[in-house]
Amino acid sequence: MVIKEMKWFAVLPAVLVLGTAHAGFNYSTGGGQTLLLTGYLREHIAVNLEDHPEADASGVRRLDGKGEISMLRSTFRLEAKADLNWAQFIGRYRVDREHETGYLDDINDTLGSGNNWMDDIEGDQMREWFTTFEVGSRVRATLGKQQVVWGETDFFRAMDIIHGYDLRWRSFLETENEELRKPLILANVEIEIPELNGSLQLIYRPGWDKAKELGNSIDIRGGRWAGQPTKGIDFIPVLPYNDDHRRADTDDPNYGFRWSSDAWGWGYTLNYWRGLNVDPVANSFFGAWGSTPVPNGNPFQLGELIFPKVETFGATASGYVEPIDSVIRLEVAFTPDKPYNVGTDFGLPVGPGATLWVPGLAGIKEKNTLVSMIGIDKQIKGLSEKLGTSQFPLVSVQIFDTWLTNFKQSDDIVEVLGYGAPRREHTTYLTGLFQLNYSHNTINPSIAGVIDAGNGDVALIPALDLVYGDHWRIHTDMDLFFVHHQKNVKRFGGALLNEDTFSPSAEDNTHLLGTFANNSQFNLRVTYQF
C-alpha cells in the first residue's frame with residue numbers, strides 16, 4: 001500500500017507543471033486598472049514515525065501505523081486581485097483533497113460507518129473576499145471576509161485572538177499561519193492620526209459568519225491528530241457544538257480596536273477585543289453553565305461544546321536594543337473571567353469496577369487570566385563566516401506564560417478537556433528557533449523547539465526549505481515529540497482500553513504536549529507557485 005501511494009505521489013510534479021503552465025495572468029488597461037491572478041498547486045505527504053497504541057476496529061489489536069502514510073493532500077489556491085484605482089477587490093479560493101491512505105482507512109474502520117471526519121479536512125472554500133478603499137487622506141477601509149492579525153508571538157497566541165484556527169488536518173505545525181487561520185466577515189477601518197503619531201484600527205464583526213468558521217477547530221472526531229489515546233473515537237455525538245448558547249452565541253456581533261504608535265524607538269500597540277473564546281469549553285449536564293445543554297437525541301450525550309464570550313485587553317511592543325544587538329518583542333493580554341472546565345477526577349461508572357473518566361465535565365469556573373510573552377531575535381554575526389551562510393544566522397527565543405491571577409488549587413481546573421492533569425497557576429512554555437541561509441537564501445535549514453517548563457515535555461521540528469527558480473518551493477520537516485507524561489492504553493482481558501479504566505482515579509499527568517505522544521511525523525511539502 002505504501003509503495004502504491006508513493007507512486008501516485010511521484011506523478012504529481014508533472015501534473016503540477018502541466019496544470020499551471022499558463023495559469024499566471026496579469027492584465028492592465030490604459031487607465032491604470034489591473035487584474036492579477038496568482039496562486040499555487042501544492043502536495044503534502046506525511047509519514048508516521050511512531051506506532052499508535054490505540055485499538056483498531058477489532059478492539060484487541062493496536063492501530064500502530066509506524067512507517068505508513070498519514071497524509072496525502074493536494075491543494076489548489078487561486079488569488080484574484082483587481083485594482084480599479086479607487087478601490088481594490090481581492091478574492092482567495094482554495095480547494096483541498098485528501099487521498100484515503102491505508103492508515104486513514106484503518107482509522108475510518110475503527111470509527112465505523114456514518115463517520116465523515118474526512119469531510120472536515122477537505123473541501124472547497126472561498127477563503128477570503130474583500131474590498132479595500134480610502135476615504136480621504138486618513139481613512140482606509142477593508143470590508144468583507146478577511147484575516148486581521150494582532151500580536152507578536154509564534155506557536156502560542158496572546159492577542160492573535162480575532163480568528164480561530166483549523167487544527168484538524170495539520171495541527172499547529174503548518175509553517176504559514178494564514179493557511180490555518182479561519183477568515184471572518186469583518187469591517188476593518190484604519191484611521192491615521194499624525195497629530196498623535198499613530199493610527200487607530202477599528203474592527204467590527206456583524207455575526208454573519210457560519211458557526212464552523214468561529215473558534216479553534218480541533219480533532220475530536222478520532223482522526224490523525226486526535227490526542228492520544230483517542231484516535232478512532234468520535235466525541236461529537238456525545239459533545240456536539242452548540243452555537244446558540246446564550247453566553248456563547250456565534251451570531252452575536254464582536255468588536256475591538258487597536259492603537260498603534262511608537263515611542264523612544266519602540267513600536268507599540270494597545271488592543272481591546274470583545275469576541276468569542278477561541279478554545280471551546282464543555283457545558284455538561286453534570287455542571288451546567290448559564291443554561292442546560294441542548295439534547296441531540298443521543299442517549300449517551302454528556303453535554304455540549306461552546307465558545308464563550310470574553311473580552312481581552314492587551315498591549316504589544318517591539319524594538320531594537322543596541323547593547324545586546326537584538327530585537328526584543330513583548331506582549332501581554334488580560335482576560336477577566338475566562339471560562340475553564342473543572343473536575344480532574346470526574347468519571348461515570350460503566351460496569352463492575354470500570355469507570356469512564358471524563359475530566360472537565362464537572363462544570364465551568366471563570367478565572368482572571370494574564371498571558372505574557374517576551375521574545376528575543378538576534379543575528380549571530382560571528383557564525384556567518386564559520387558556517388558559510390548567505391546571511392547572519394538567526395536565533396529567536398521566547399517565553400510564553402499563562403497566569404491565572406486568582407488561582408486556587410481547590411478550583412480543580414483541568415488543563416486539557418478529557419485529561420486529568422490539573423491546571424497550573426503558571427503554564428510556561430519556552431520556544432526557540434535557529435535558522436541558517438545558504439546559496440543566496442535558496443537552501444534554508446532550521447530547527448524549532450517547544451519545551452513545557454513545568455514537566456519537561458518537548459517538541460522539536462528540524463526543517464529544510466528549498467527555493468528553486470521562481471516557481472518551485474520544497475519544505476520538509478520532522479515533527480518530533482519527546483513526551484514523558486502521557487495517557488496510554490492497557491490490555492484488560494484481551495481488550496485495549498484507557499489505562500485508568502479500572503483505576504480509582506483518572507490519569508493525571510498528561511498536559512498539552514502529552515496529547516501528542518507517539519505522533520511524530522515526517523512531512524514533505526512541494527509547491528508550484530504562479
# chains A, B, ... in the order shown; residues from 1 in each chain; ligands from 1

$ residues_around --residues "A:Gly287" --least-positions-apart "6" --cutoff "7 Å" --atoms "only C-alpha atoms" --output "ChimeraX atom specification"
/A:361-363

$ select_by_dssp --residues "stretch 190-410 of chain A" --states "strand (DSSP E)" --output "number ranges by chain"
A: 190-193, 198-205, 244-245, 248-249, 254-263, 266-276, 281-284, 303-306, 309-321, 326-342, 347-351, 354-357, 363-379, 394-404

$ residues_around --residues "A:Ile233" --least-positions-apart "5" --cutoff "7 Å" --atoms "only C-alpha atoms" --output "ChimeraX atom specification"
/A:111,221-222

$ write_last_selection --atoms "all heavy atoms" --output "mmCIF file, in the first residue's frame"
data_model
loop_
_atom_site.group_PDB
_atom_site.id
_atom_site.type_symbol
_atom_site.label_atom_id
_atom_site.label_comp_id
_atom_site.auth_asym_id
_atom_site.auth_seq_id
_atom_site.Cartn_x
_atom_site.Cartn_y
_atom_site.Cartn_z
ATOM 1 N N LEU A 111 -13.578 3.940 13.406
ATOM 2 C CA LEU A 111 -14.679 4.857 13.692
ATOM 3 C C LEU A 111 -16.024 4.265 13.295
ATOM 4 O O LEU A 111 -17.045 4.561 13.913
ATOM 5 C CB LEU A 111 -14.459 6.174 12.947
ATOM 6 C CG LEU A 111 -13.368 7.076 13.524
ATOM 7 C CD1 LEU A 111 -12.968 8.149 12.521
ATOM 8 C CD2 LEU A 111 -13.838 7.714 14.822
ATOM 9 N N ARG A 221 -12.726 14.081 16.557
ATOM 10 C CA ARG A 221 -13.517 13.070 15.851
ATOM 11 C C ARG A 221 -12.708 11.810 15.578
ATOM 12 O O ARG A 221 -13.097 10.978 14.768
ATOM 13 C CB ARG A 221 -14.068 13.644 14.549
ATOM 14 C CG ARG A 221 -14.909 14.915 14.763
ATOM 15 C CD ARG A 221 -15.722 15.254 13.556
ATOM 16 N NE ARG A 221 -16.724 14.222 13.296
ATOM 17 C CZ ARG A 221 -17.538 14.239 12.242
ATOM 18 N NH1 ARG A 221 -17.455 15.214 11.361
ATOM 19 N NH2 ARG A 221 -18.411 13.282 12.066
ATOM 20 N N GLY A 222 -11.546 11.687 16.241
ATOM 21 C CA GLY A 222 -10.787 10.457 16.144
ATOM 22 C C GLY A 222 -9.853 10.361 14.973
ATOM 23 O O GLY A 222 -9.392 9.264 14.641
#

$ atom_distance --atom1 "atom CA of A:Val416" --atom2 "atom CA of A:Asp252"
26.9 Å

$ atom_distance --atom1 "atom CA of A:Phe392" --atom2 "atom CA of A:Gln379"
5.5 Å

$ residues_around --residues "A:Thr110" --least-positions-apart "2" --cutoff "6 Å" --atoms "only C-alpha atoms" --output "compact mmCIF listing (two decimals) with N, CA and C atoms, in the first residue's frame"
# COMPACT_ATOMS: atom_id res chain seq x y z
N ASP A 56 -7.47 -0.88 17.15
CA ASP A 56 -8.05 -0.76 15.81
C ASP A 56 -9.50 -1.22 15.85
N ALA A 57 -10.08 -1.47 14.69
CA ALA A 57 -11.50 -1.81 14.64
C ALA A 57 -11.84 -3.09 15.40
N ILE A 107 -8.17 3.97 10.41
CA ILE A 107 -8.86 4.86 11.34
C ILE A 107 -10.36 4.87 11.04
N ASN A 108 -10.70 4.97 9.77
CA ASN A 108 -12.11 5.00 9.39
C ASN A 108 -12.82 3.71 9.76
N GLY A 112 -16.02 3.42 12.27
CA GLY A 112 -17.27 2.79 11.83
C GLY A 112 -17.98 3.61 10.77
N GLY A 232 -9.62 7.16 16.53
CA GLY A 232 -10.68 6.19 16.29
C GLY A 232 -11.90 6.38 17.18

$ atom_distance --atom1 "atom CA of A:Arg473" --atom2 "atom CA of A:Thr527"
5.1 Å

$ residues_around --residues "A:Gln391" --least-positions-apart "3" --cutoff "12 Å" --atoms "only C-alpha atoms" --output "list of chain:residue names"
A:Gln379, A:Ile380, A:Lys381, A:Gly382, A:Leu383, A:Ser384, A:Glu385, A:Lys386, A:Leu387, A:Gly388, A:Leu394, A:Gln435, A:Leu436, A:Asn437, A:Tyr438, A:Ser439, A:His440, A:Asn441, A:Thr442, A:Ile443, A:Asn444

$ closest_residue --among "A:Thr355, A:Ser396, A:Gln529, A:Ser171" --to "A:Asp500" --atoms "only C-alpha atoms"
A:Thr355

$ closest_residue --among "A:Glu98, A:Asp243, A:Asp411, A:Asp401" --to "A:Thr153" --atoms "only C-alpha atoms"
A:Asp401

$ residues_around --residues "A:Arg168" --least-positions-apart "2" --cutoff "6 Å" --atoms "only C-alpha atoms" --output "MDAnalysis selection string"
chainID A and resid 166 170:171 218:219

$ residues_around --residues "stretch 124-141 of chain A" --least-positions-apart "3" --cutoff "10 Å" --atoms "only C-alpha atoms" --output "JSON, numbers by chain"
{"A": [75, 76, 77, 78, 79, 80, 81, 82, 83, 84, 85, 86, 87, 88, 89, 90, 91, 92, 93, 94, 95, 96, 97, 144, 145, 146, 147, 179, 181, 182, 183, 184, 185, 186, 187, 188, 189, 190, 191, 192, 193, 194, 199, 200, 201, 202]}

$ closest_residue --among "A:Pro462, A:Gly227, A:Gly297, A:Gly375" --to "A:Gln486" --atoms "only C-alpha atoms"
A:Gly227

$ closest_residue --among "A:Ile121, A:Ser28, A:Asp106, A:Gly290" --to "A:Arg73" --atoms "only C-alpha atoms"
A:Ile121

$ closest_residue --among "A:Thr175, A:Gln33, A:Asn509, A:Asn277" --to "A:Asp477" --atoms "only C-alpha atoms"
A:Thr175
